[in-house]
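> Data: my_file17.cif, mmCIF, C-alpha atoms and all ligand atoms.
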data_run
loop_
_atom_site.label_atom_id
_atom_site.label_comp_id
_atom_site.auth_asym_id
_atom_site.auth_seq_id
_atom_site.Cartn_x
_atom_site.Cartn_y
_atom_site.Cartn_z
CA MET A 1 92.03 120.00 133.16
CA ASN A 2 93.87 116.71 133.63
CA LYS A 3 91.45 113.81 133.16
CA ILE A 4 92.61 112.13 136.35
CA PHE A 5 91.49 115.18 138.36
CA VAL A 6 88.17 115.27 136.48
CA ARG A 7 87.51 111.61 137.30
CA LEU A 8 88.63 112.01 140.92
CA ALA A 9 86.35 115.04 141.29
CA ARG A 10 83.46 112.99 139.88
CA ASP A 11 84.17 110.14 142.33
CA TYR A 12 84.23 112.63 145.21
CA ARG A 13 80.82 114.03 144.18
CA VAL A 14 79.35 110.51 143.97
CA ILE A 15 80.60 109.72 147.49
CA ARG A 16 79.33 113.08 148.78
CA ALA A 17 75.87 112.36 147.36
CA PHE A 18 75.69 109.00 149.15
CA VAL A 19 77.03 110.40 152.42
CA THR A 20 74.62 113.37 152.38
CA ARG A 21 71.75 112.65 154.76
CA ALA A 22 73.29 109.17 155.13
CA ARG A 23 71.63 108.01 151.92
CA PHE A 24 73.95 104.99 151.77
CA ILE A 25 71.99 103.63 154.77
CA TYR A 26 68.88 103.47 152.57
CA LEU A 27 70.91 101.62 149.98
CA LEU A 28 72.27 99.14 152.50
CA LEU A 29 68.86 98.54 154.09
CA ASN A 30 67.13 97.99 150.77
CA LEU A 31 69.88 95.61 149.64
CA TYR A 32 69.39 93.76 152.91
CA TYR A 33 65.63 93.55 152.28
CA PHE A 34 66.38 92.18 148.82
CA MET A 35 68.66 89.54 150.33
CA ILE A 36 66.02 88.44 152.82
CA LYS A 37 63.44 88.46 150.00
CA ARG A 38 61.26 91.21 151.37
CA SER A 39 59.15 92.71 148.63
CA THR A 40 57.31 95.49 150.50
CA ARG A 41 57.79 97.97 153.36
CA ILE A 42 61.15 99.04 151.97
CA PHE A 43 62.76 102.47 151.99
CA GLY A 44 62.69 105.01 149.15
CA PRO A 45 64.83 104.72 146.00
CA VAL A 46 68.51 105.69 146.08
CA PHE A 47 68.80 105.90 142.29
CA ALA A 48 66.23 107.64 140.10
CA GLN A 49 65.87 107.82 136.35
CA ILE A 50 63.62 110.62 135.16
CA GLU A 51 62.64 111.26 131.56
CA PRO A 52 62.51 114.99 130.71
CA THR A 53 60.93 114.23 127.31
CA ASP A 54 60.41 111.38 124.86
CA ALA A 55 60.80 113.73 121.88
CA CYS A 56 63.94 113.28 119.79
CA ASN A 57 65.72 115.02 116.93
CA LEU A 58 67.19 111.83 115.44
CA SER A 59 65.64 108.67 113.97
CA CYS A 60 67.85 105.82 115.18
CA ARG A 61 67.04 102.55 113.44
CA LEU A 62 66.34 100.40 116.51
CA CYS A 63 64.83 103.06 118.75
CA ILE A 64 61.24 102.49 119.78
CA VAL A 65 60.53 106.23 119.98
CA ASN A 66 60.54 106.46 116.21
CA ARG A 67 58.91 103.09 115.62
CA ASP A 68 56.57 101.63 118.25
CA LEU A 69 55.79 105.04 119.72
CA ALA A 70 55.84 106.95 116.43
CA ASN A 71 52.10 107.57 116.56
CA SER A 72 52.00 108.46 120.26
CA LYS A 73 51.97 112.05 121.37
CA TYR A 74 55.36 112.97 122.80
CA GLY A 75 55.58 115.28 125.78
CA PHE A 76 57.73 117.16 128.27
CA MET A 77 57.85 116.75 132.04
CA ASP A 78 56.24 119.58 133.98
CA PRO A 79 59.11 121.19 135.97
CA GLU A 80 56.73 121.59 138.94
CA ILE A 81 56.18 117.82 139.04
CA PHE A 82 59.93 117.31 138.79
CA ARG A 83 60.60 119.64 141.74
CA LYS A 84 57.86 117.98 143.79
CA PHE A 85 59.42 114.58 143.14
CA ILE A 86 62.89 115.79 144.12
CA ASP A 87 61.57 117.51 147.28
CA GLU A 88 59.70 114.40 148.37
CA ASN A 89 62.56 111.99 147.68
CA SER A 90 65.81 113.88 148.23
CA LYS A 91 66.12 112.14 151.59
CA SER A 92 66.97 108.87 149.82
CA ILE A 93 67.98 109.73 146.22
CA ALA A 94 71.72 110.10 145.75
CA PHE A 95 72.07 109.54 141.99
CA LEU A 96 69.79 110.96 139.31
CA VAL A 97 69.90 109.85 135.69
CA LEU A 98 68.06 112.61 133.86
CA TYR A 99 67.31 110.82 130.60
CA ASN A 100 65.41 107.81 129.38
CA ARG A 101 63.76 107.93 125.98
CA GLY A 102 64.21 111.09 123.89
CA GLU A 103 66.77 113.93 123.83
CA PRO A 104 66.86 115.75 127.21
CA PHE A 105 68.18 119.02 125.77
CA LEU A 106 64.94 119.48 123.83
CA HIS A 107 63.34 120.28 127.21
CA LYS A 108 63.55 124.05 127.64
CA ASP A 109 63.94 123.75 131.43
CA ILE A 110 66.58 121.02 131.45
CA ILE A 111 69.29 123.21 133.02
CA GLN A 112 66.94 124.37 135.80
CA MET A 113 66.02 120.74 136.47
CA ILE A 114 69.70 119.75 136.66
CA ASP A 115 70.51 122.61 139.03
CA TYR A 116 67.49 121.96 141.22
CA ALA A 117 68.43 118.33 141.80
CA ALA A 118 72.14 119.18 142.22
CA SER A 119 71.27 121.83 144.82
CA GLN A 120 70.05 118.96 147.03
CA ASN A 121 73.44 117.26 146.71
CA ILE A 122 72.15 114.70 144.25
CA PHE A 123 74.66 113.50 141.62
CA VAL A 124 73.13 114.34 138.23
CA LYS A 125 73.96 112.60 134.97
CA VAL A 126 72.45 113.55 131.59
CA SER A 127 72.81 111.97 128.17
CA THR A 128 72.67 113.80 124.84
CA ASN A 129 73.17 113.09 121.14
CA ALA A 130 74.96 116.51 121.12
CA LEU A 131 73.23 117.58 117.93
CA PHE A 132 71.25 120.27 119.69
CA ILE A 133 74.28 121.67 121.48
CA ASN A 134 75.39 125.14 120.43
CA LYS A 135 77.58 127.83 122.01
CA ASP A 136 74.74 129.11 124.19
CA ILE A 137 73.87 125.63 125.49
CA ILE A 138 77.55 124.82 126.04
CA LYS A 139 77.84 127.91 128.25
CA ARG A 140 74.73 126.92 130.17
CA ILE A 141 76.06 123.38 130.62
CA THR A 142 79.45 124.51 131.91
CA ASP A 143 77.79 127.11 134.18
CA SER A 144 75.39 124.50 135.56
CA LYS A 145 75.90 122.00 138.37
CA LEU A 146 75.75 119.01 136.03
CA ASP A 147 78.02 116.20 137.26
CA GLU A 148 78.28 113.97 134.19
CA LEU A 149 77.35 114.26 130.53
CA LEU A 150 77.17 111.14 128.36
CA ILE A 151 77.41 111.86 124.64
CA THR A 152 75.86 109.16 122.47
CA LEU A 153 77.97 109.58 119.35
CA ASP A 154 77.78 105.76 118.98
CA PHE A 155 79.69 105.53 115.68
CA PRO A 156 83.26 106.61 114.91
CA GLU A 157 82.59 107.08 111.20
CA ARG A 158 80.26 109.37 109.29
CA LEU A 159 78.51 106.94 106.93
CA ASP A 160 77.75 104.37 109.65
CA TYR A 161 76.43 107.17 111.86
CA ALA A 162 74.18 108.56 109.12
CA ASP A 163 72.87 105.12 108.19
CA TYR A 164 71.89 104.27 111.78
CA LYS A 165 70.80 107.67 113.07
CA GLY A 166 68.88 108.78 109.98
CA LYS A 167 70.72 112.11 109.67
CA ASP A 168 74.08 112.96 108.16
CA THR A 169 75.18 115.07 111.12
CA PHE A 170 78.31 113.24 112.31
CA GLU A 171 80.65 116.14 111.51
CA ASP A 172 78.35 118.65 113.27
CA VAL A 173 78.24 116.53 116.41
CA VAL A 174 82.01 116.01 116.45
CA GLU A 175 82.46 119.78 116.13
CA ASN A 176 79.99 120.36 118.98
CA ILE A 177 81.97 117.95 121.19
CA ARG A 178 85.17 119.80 120.31
CA LEU A 179 83.58 123.12 121.34
CA LEU A 180 82.26 121.60 124.55
CA MET A 181 85.65 120.16 125.52
CA GLU A 182 87.30 123.50 124.75
CA ALA A 183 84.81 125.34 126.98
CA ARG A 184 85.34 122.86 129.81
CA LYS A 185 89.12 122.68 129.59
CA ASN A 186 89.87 124.52 132.84
CA MET A 187 87.08 122.92 134.87
CA THR A 188 86.38 119.59 136.53
CA THR A 189 82.63 119.52 135.83
CA PRO A 190 80.86 117.97 134.13
CA LEU A 191 82.76 114.75 133.46
CA ILE A 192 82.24 114.01 129.76
CA SER A 193 81.86 110.45 128.47
CA LEU A 194 81.64 109.36 124.85
CA GLN A 195 79.55 106.31 123.99
CA LEU A 196 80.14 103.71 121.28
CA LEU A 197 77.25 101.43 120.38
CA LEU A 198 78.56 97.91 119.73
CA THR A 199 76.89 96.73 116.52
CA ARG A 200 77.91 94.46 113.62
CA VAL A 201 79.30 97.45 111.68
CA ASN A 202 81.15 98.88 114.69
CA GLU A 203 82.67 95.86 116.38
CA ASN A 204 85.92 96.13 114.41
CA LYS A 205 86.12 99.90 114.75
CA VAL A 206 86.81 100.11 118.47
CA THR A 207 90.37 101.27 117.81
CA ARG A 208 89.11 104.07 115.53
CA PHE A 209 86.66 105.09 118.26
CA LYS A 210 89.47 105.25 120.82
CA GLU A 211 91.53 107.41 118.46
CA LEU A 212 88.60 109.77 117.94
CA ALA A 213 87.98 109.97 121.71
CA GLY A 214 91.69 110.79 122.13
CA GLU A 215 91.47 113.54 119.50
CA LEU A 216 88.41 114.99 121.22
CA ASN A 217 90.07 114.64 124.62
CA VAL A 218 86.95 113.30 126.39
CA ASP A 219 87.27 111.96 129.94
CA GLN A 220 85.78 108.49 129.61
CA LEU A 221 84.63 105.97 126.99
CA VAL A 222 81.44 103.94 127.37
CA TYR A 223 80.84 100.81 125.29
CA LYS A 224 77.15 100.02 125.03
CA LYS A 225 75.96 96.56 124.14
CA LEU A 226 73.11 96.67 121.67
CA ARG A 227 69.56 95.93 122.78
CA ILE A 228 67.18 94.56 120.20
CA ASN A 229 63.43 94.23 120.55
CA ARG A 230 62.68 91.86 117.68
CA LYS A 231 64.25 88.76 116.17
CA GLU A 232 64.55 90.39 112.75
CA GLU A 233 66.90 92.94 114.30
CA SER A 234 69.45 90.27 115.26
CA GLY A 235 71.50 91.05 112.13
CA TYR A 236 72.68 94.18 113.95
CA LEU A 237 74.25 92.16 116.79
CA PRO A 238 78.06 91.90 116.75
CA GLU A 239 79.64 88.54 115.81
CA GLN A 240 82.05 88.68 118.76
CA GLU A 241 80.29 87.20 121.79
CA LYS A 242 82.08 89.50 124.23
CA PHE A 243 80.17 92.44 122.68
CA VAL A 244 76.73 90.80 122.91
CA ARG A 245 74.34 90.79 125.87
CA LYS A 246 74.22 87.33 127.43
CA SER A 247 70.49 86.98 126.94
CA TYR A 248 70.97 87.05 123.13
CA LEU A 249 73.59 84.26 123.11
CA ASN A 250 72.43 80.71 122.47
CA ASN A 251 75.46 79.20 124.16
CA GLY A 252 73.60 77.21 126.82
CA ASN A 253 75.01 79.24 129.72
CA LYS A 254 72.52 79.72 132.53
CA LEU A 255 71.43 83.33 132.93
CA SER A 256 71.59 85.01 136.28
CA ASN A 257 68.29 85.32 138.13
CA LEU A 258 69.15 88.35 140.17
CA CYS A 259 67.87 91.87 139.72
CA VAL A 260 67.93 94.31 142.60
CA ARG A 261 66.77 97.28 140.57
CA PRO A 262 63.16 97.53 141.85
CA TRP A 263 64.55 97.64 145.41
CA ILE A 264 66.90 100.55 144.90
CA SER A 265 65.76 102.64 141.95
CA ALA A 266 62.75 104.38 140.44
CA THR A 267 62.08 105.22 136.79
CA VAL A 268 59.65 108.01 135.96
CA LEU A 269 58.38 108.83 132.45
CA TRP A 270 57.77 112.43 131.31
CA ASP A 271 54.05 112.28 132.21
CA GLY A 272 54.79 111.14 135.78
CA THR A 273 54.14 107.44 135.21
CA VAL A 274 56.44 105.24 137.31
CA VAL A 275 57.65 102.03 135.60
CA PRO A 276 59.88 99.25 137.02
CA CYS A 277 63.00 100.28 135.10
CA CYS A 278 64.22 101.84 131.84
CA PHE A 279 63.70 98.54 129.98
CA ASP A 280 60.00 99.21 130.11
CA ALA A 281 60.40 101.66 127.24
CA LYS A 282 56.78 101.40 126.17
CA GLY A 283 55.44 102.04 129.67
CA GLU A 284 53.71 98.63 129.77
CA TYR A 285 53.98 98.23 133.56
CA GLU A 286 52.40 101.32 135.08
CA LEU A 287 53.08 101.30 138.82
CA GLY A 288 51.38 104.63 139.57
CA ASN A 289 51.78 108.32 138.77
CA ILE A 290 53.75 110.82 140.86
CA LYS A 291 51.17 113.50 140.04
CA GLU A 292 48.60 111.55 142.07
CA PHE A 293 50.62 109.62 144.62
CA LYS A 294 53.72 110.05 146.73
CA MET A 295 56.63 107.85 145.71
CA ASP A 296 56.40 105.99 149.01
CA ASN A 297 52.84 104.88 148.16
CA ILE A 298 53.97 103.69 144.74
CA TYR A 299 57.19 102.09 145.99
CA ASN A 300 55.34 100.14 148.65
CA GLY A 301 52.11 99.78 146.70
CA ASN A 302 50.58 96.47 145.66
CA ILE A 303 51.70 96.55 142.04
CA LEU A 304 55.42 97.04 142.65
CA SER A 305 55.40 94.71 145.65
CA TYR A 306 53.81 92.02 143.48
CA PHE A 307 56.35 92.75 140.73
CA ARG A 308 59.23 92.31 143.21
CA HIS A 309 57.68 89.13 144.52
CA GLY A 310 57.53 87.75 140.96
CA LEU A 311 61.14 88.75 140.33
CA LEU A 312 62.28 86.91 143.44
CA GLY A 313 60.65 83.76 142.03
CA SER A 314 61.69 83.69 138.40
CA PHE A 315 62.45 86.18 135.65
CA ASN A 316 60.29 84.18 133.28
CA THR A 317 57.08 84.93 135.16
CA ILE A 318 57.46 88.60 134.14
CA PRO A 319 57.62 89.00 130.33
CA LEU A 320 59.53 92.30 130.60
CA CYS A 321 62.25 90.71 132.73
CA ALA A 322 62.36 87.54 130.62
CA ARG A 323 63.33 89.76 127.66
CA CYS A 324 65.89 91.72 129.68
CA ASN A 325 67.64 89.61 132.29
CA LEU A 326 70.39 90.95 134.49
CA SER A 327 72.82 90.56 131.62
CA ASN A 328 71.26 93.70 130.18
CA TYR A 329 71.26 95.60 133.43
CA PHE A 330 75.03 95.48 133.82
CA SER A 331 75.81 95.32 130.13
CA ASN A 332 77.60 98.61 129.50
CA PHE A 333 81.20 99.05 130.46
CA ASN A 334 83.32 102.15 130.94
CA HIS A 335 86.93 102.81 130.04
CA LYS A 336 89.22 105.60 131.02
CA ALA A 337 90.07 107.82 128.08
CA GLY A 338 93.79 108.47 128.14
S1 LIG B 1 65.17 92.16 135.26
FE1 LIG B 1 65.47 93.81 133.75
S2 LIG B 1 63.38 94.39 133.15
FE2 LIG B 1 63.21 93.27 135.08
S3 LIG B 1 63.28 94.84 136.66
FE3 LIG B 1 65.36 94.10 136.38
S4 LIG B 1 66.28 95.55 134.95
FE4 LIG B 1 64.05 95.77 134.77
#
Starting from the file, give its structure as structure tokens.

Amino acid sequence: MNKIFVRLARDYRVIRAFVTRARFIYLLLNLYYFMIKRSTRIFGPVFAQIEPTDACNLSCRLCIVNRDLANSKYGFMDPEIFRKFIDENSKSIAFLVLYNRGEPFLHKDIIQMIDYAASQNIFVKVSTNALFINKDIIKRITDSKLDELLITLDFPERLDYADYKGKDTFEDVVENIRLLMEARKNMTTPLISLQLLLTRVNENKVTRFKELAGELNVDQLVYKKLRINRKEESGYLPEQEKFVRKSYLNNGNKLSNLCVRPWISATVLWDGTVVPCCFDAKGEYELGNIKEFKMDNIYNGNILSYFRHGLLGSFNTIPLCARCNLSNYFSNFNHKAG
């Protein structure tokens, strides 16, 4: 299928999700509350990020799953809890990102979760490292109602991939992408994006990445700016400033003090814990658990209201936000492929 049609079909589905049950009104009202600095009594989230699992089949160098959380017990979201969350919040949620930490396709019920959310006219996006994808899963993906699939290939060359990801599986993943694109060739769903991680070893290989994306015939390219958690990891940052998140640059430019995320979105970990956003990868800021409380109680509860209040004052009062800043929030950028 022509990529222009695939992208237009995706845009149509995004608009449909926001128009369904007039969800865009929730978005507009919550943005208005943000502008007038209201931190509580707001409407439900319009965007949700839900983590099917924090288990992963790769060992990426800078990923906290294999480092800071290596000794924690990983787990899988109970599909019943997932359905309950969707049922309770489908009035406001238009866009669901069904990944956070971990590899979503390790969850045995991932396709049912995708289809359940999509059946409520919610736009569903999933990310995968594509290592786990085989012919059976490809068929289930193309038969499903998935709207967008982001493939985190991240490196255009085998040795760089193996060095960063801890497994020499570049060729397998490229072959899986080829099979997936072949299976989807006469369809408009899902839109398939290929991600490049901008690191010191990759920053001069953008052209090679574009060539590879062209060979694979994917619909869209995503360039992801690297996030580091420790100073000693700064050697991975690209030398070109345009590829580095603003908060890591010591160029004296004032950082923006504006983050609307806790007014419009919700992030839920596999065990039901709600955290302020995906940057809280260790689950340090527990706002409540959807197994015990309705989202409305968490969204308008004391902890998140206090968090929003702090954010309206200064990023630096919240250690998590001081490390992130809005420069991280809007740091990835998409490109049309072809
Ligand atoms: S500033 Fe960053 S860490 Fe804080 S809420 Fe916004 S996105 Fe999350």
> Using atom CA of A:Asp271 and atom CA of A:Asn100 as the two end points, give the distance in Å to one decimal.
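That distance, rounded to one decimal, is 12.5 Å.
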> Produce as a list in words the set of residues near ligand LIG 1 (chain B), where near means within 8 Å with all atoms listed in the file considered.
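Those within range of ligand LIG 1 (chain B) are Leu258, Cys259, Val260, Arg261, Pro262, Pro276, Cys277, Cys278, Phe279, Asp280, Leu311, Phe315, Ile318, Leu320, Cys321, Ala322, Arg323, Cys324, Asn325, Leu326, Asn328 and Tyr329 of chain A.
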> Grab the atom CA of A:Arg7 to atom CA of A:Asp147 distance for me, in Å with one decimal place.
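One can read the atom CA of A:Arg7 to atom CA of A:Asp147 distance as 10.5 Å.
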> Have a look at A:Lys125, A:Lys73, A:Lys165, A:Arg38 and name the one nearest to A:Lys145; count only C-alpha atoms.
A:Lys125
> Have a look at atom CA of A:Lys242 and atom CA of A:Gln220 and let me know their distance in Å, one decimal.
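Taking atom CA of A:Lys242 as the start and atom CA of A:Gln220 as the end point, the length is 20.1 Å.
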> Would you write out, as CSV, a table of all residues in stretch 99-205 of chain A that have an atom no more than 10 Å from an atom of stretch 19-28 of chain A, listing for each the closest atom pair and the distance in Å to one decimal, considering only C-alpha atoms and ordering rows by chain and rising residue number?

residue,atom,partner,partner_atom,distance
A:Gln120,CA,A:Thr20,CA,9.0
A:Asn121,CA,A:Thr20,CA,7.0
A:Ile122,CA,A:Thr20,CA,8.6
> Name the closest residue to A:Ile137 among the candidates A:Asn176, A:Tyr164, A:Leu153, A:Ser92; distances are taken between atoms, counting all atoms listed in the file.
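The closest residue to A:Ile137 is A:Asn176.
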> I need the residue nearest A:Val268 from this list: A:Met77, A:Leu62, A:Ile228, A:Met1. Use all atoms listed in the file for the distance.
A:Met77
> Write out as a PDB file with C-alpha atoms, in the coordinates of the input each polymer residue whose atoms come within 10 Å of A:Tyr33, counting all atoms listed in the file; drop sequence neighbours fewer than 6 positions from it.

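The result, stored in part04.pdb:
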ATOM      1  CA  LEU A  27      70.910 101.620 149.980  1.00  0.00           C
ATOM      2  CA  SER A  39      59.150  92.710 148.630  1.00  0.00           C
ATOM      3  CA  THR A  40      57.310  95.490 150.500  1.00  0.00           C
ATOM      4  CA  ARG A  41      57.790  97.970 153.360  1.00  0.00           C
ATOM      5  CA  ILE A  42      61.150  99.040 151.970  1.00  0.00           C
ATOM      6  CA  PHE A  43      62.760 102.470 151.990  1.00  0.00           C
ATOM      7  CA  VAL A 260      67.930  94.310 142.600  1.00  0.00           C
ATOM      8  CA  TRP A 263      64.550  97.640 145.410  1.00  0.00           C
TER       9      TRP A 263
END
> A:Ile141: which residues within 10 Å, counting all atoms listed in the file, same-chain residues fewer than 2 positions away excluded, as a list in words?
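So, after excluding close chain neighbours, the residues are Ile110, Ile111, Ile114, Ile133, Lys135, Asp136, Ile137, Ile138, Lys139, Asp143, Ser144, Lys145, Leu146, Asp147, Leu149, Leu180, Ala183, Arg184, Thr189 and Pro190 of chain A.
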> Write out as a PyMOL selection string the residues lying within 12 Å of A:Lys294, counting all atoms listed in the file and excluding same-chain residues fewer than 6 positions away.
chain A and resi 44+81+84-89+272-274+287-288+300-301
> At a cut-off of 9 Å from (63.1, 108.8, 136.9) in the coordinates of the file, what residues are picked up using all atoms listed in the file, written as a list in words?
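Within the cut-off we find Phe47, Ala48, Gln49, Ile50, Glu51, Pro52, Leu96, Val97, Leu98, Tyr99, Asn100, Ser265, Ala266, Thr267, Val268, Leu269, Trp270, Gly272, Val274, Val275, Cys277 and Cys278 of chain A.
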> With distances taken over all atoms listed in the file, which residue among A:Asn129, A:Asn30, A:Asn204, A:Ser90 lies nearest A:Ala117?
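Smallest distance to A:Ala117 is found for A:Ser90.
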